[in-house]
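First the structure, in the form of structure tokens, and then the observations on it.
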Amino acid sequence: MTKPLANRIALVTGASRGIGFATARALAKAGAHIVAVARTQGGLEELDDEIRKDGGSATLVPLNLTDFDGIARLGAGLHERYGKLDVLVGNAGVLGPSSPIGHIELKAFNDVMAVNVSANFQLIRCMEPLLKQSDAGRAVFITSGAANKATAYVSPYAASKAALETLARAWAQETANTPLRVNLFNPGPIRTRMRATFMPGEDPATLDTPEQVAEFIVPLCAPDWTETGKFYDYKTRTLMSFQPPA
């Protein structure tokens with residue numbers, strides 16, 4: 001039986017743990033060859049072991065996404081090796097400081113924006129030509145409810161996710177008349193290291209796992225997915241459209 005993502009190339013950022021790790025593994029199970037990007041070599045090797053156990057394959061790319069020239073080199077390397085990219089999952093993100101705005105240093109703010117916004121901007125710039133070489137390019141960016149709730153005490157994170165959402169939506173409009181589909185995915189509270197950092201008193205057993213979330217990300221990466229510029233909310237299992245403020 002043919003797997004839904006057979007012969008497709010999928011790039012996943014933040015693939016060494018959490019939702020990125022689970023999504024990379026789920027995409028590999030669906031037949032994709034994974035280009036796994038993360039800072040942590042050990043985590044990437046663990047992912048590779050799991051993907052191989054499942055009968056899949058991966059290319060490991062140890063890369064700090066604030067190395068914007070490195071992202072450009074990765075795009076050039078993918079062009080040389082494959083000539084296309086079928087799936088981009090922009091998952092990598094950092095929480096940043098949890099403090100009142102007036103207590104946050106400018107560097108800390110800029111560090112969050114660099115990973116959560118600027119790196120995804122550079123990924124779009126460098127991967128769009130490759131995604132357009134696919135017959136059904138798919139891009140999914142992991143966002144957060146903090147973006148529209150403007151959550152207090154994590155303002156850099158909330159602002160960065162709001163910026164990411166607008167960036168992705170603008171890209172979706174620009175590519176609406178092409179085969180490329182661009183969407184956002186909000187996992188909500190999930191059993192990850194980032195969540196534990198933000199909510200240290202929370203019982204992780206009450207939260208869904210990254211593996212559960214990944215099963216819902218995979219369909220957005222498939223060639224038969226047709227929606228673009230939408231927001232999938234995992235908690236309610238709802239595909240939403242953006243609306244102007246009431």
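Residues are named by chain letter and number: chains run A, B, ... in the order of the structure tokens, numbers start at 1 in each chain, and ligands are numbered from 1 in the order shown.
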
| field | Filtered DSSP result for region 22-118 of chain A, state alpha helix (DSSP H), as a ChimeraX atom specification | value | /A:22-29,41-53,68-81,106-113

Please provide the set of residues having any atom within 8 Å of region 170-172 of chain A, restricted to only C-alpha atoms, with same-chain residues fewer than 6 positions apart removed, written as a compact mmCIF listing (two decimals) with N, CA, C and O atoms, in the first residue's frame.
# COMPACT_ATOMS: atom_id res chain seq x y z
N ARG A 181 0.40 25.51 -0.45
CA ARG A 181 -0.57 25.79 0.61
C ARG A 181 0.18 26.12 1.90
O ARG A 181 1.11 25.38 2.28
N VAL A 182 -0.21 27.19 2.57
CA VAL A 182 0.47 27.69 3.77
C VAL A 182 -0.54 27.81 4.90
O VAL A 182 -1.55 28.52 4.75
N ASN A 183 -0.28 27.16 6.03
CA ASN A 183 -1.22 27.19 7.14
C ASN A 183 -0.51 27.27 8.49
O ASN A 183 0.69 27.01 8.59
N THR A 228 -5.66 26.99 2.43
CA THR A 228 -4.47 27.81 2.66
C THR A 228 -4.86 29.06 3.45
O THR A 228 -6.00 29.51 3.40
N GLY A 229 -3.88 29.59 4.21
CA GLY A 229 -4.13 30.78 5.00
C GLY A 229 -5.05 30.54 6.19
O GLY A 229 -5.65 31.48 6.71

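If you measure from each of A:Glu128, A:Arg25, A:Asn116, A:Gln212 to Lys161 (chain A) using only C-alpha atoms, the closest one turns out to be A:Asn116.
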
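Minimum distance to Tyr232 (chain A) across A:Val154, A:Ile142, A:Ala28, A:Ala168 (counting only C-alpha atoms) occurs at A:Ile142.
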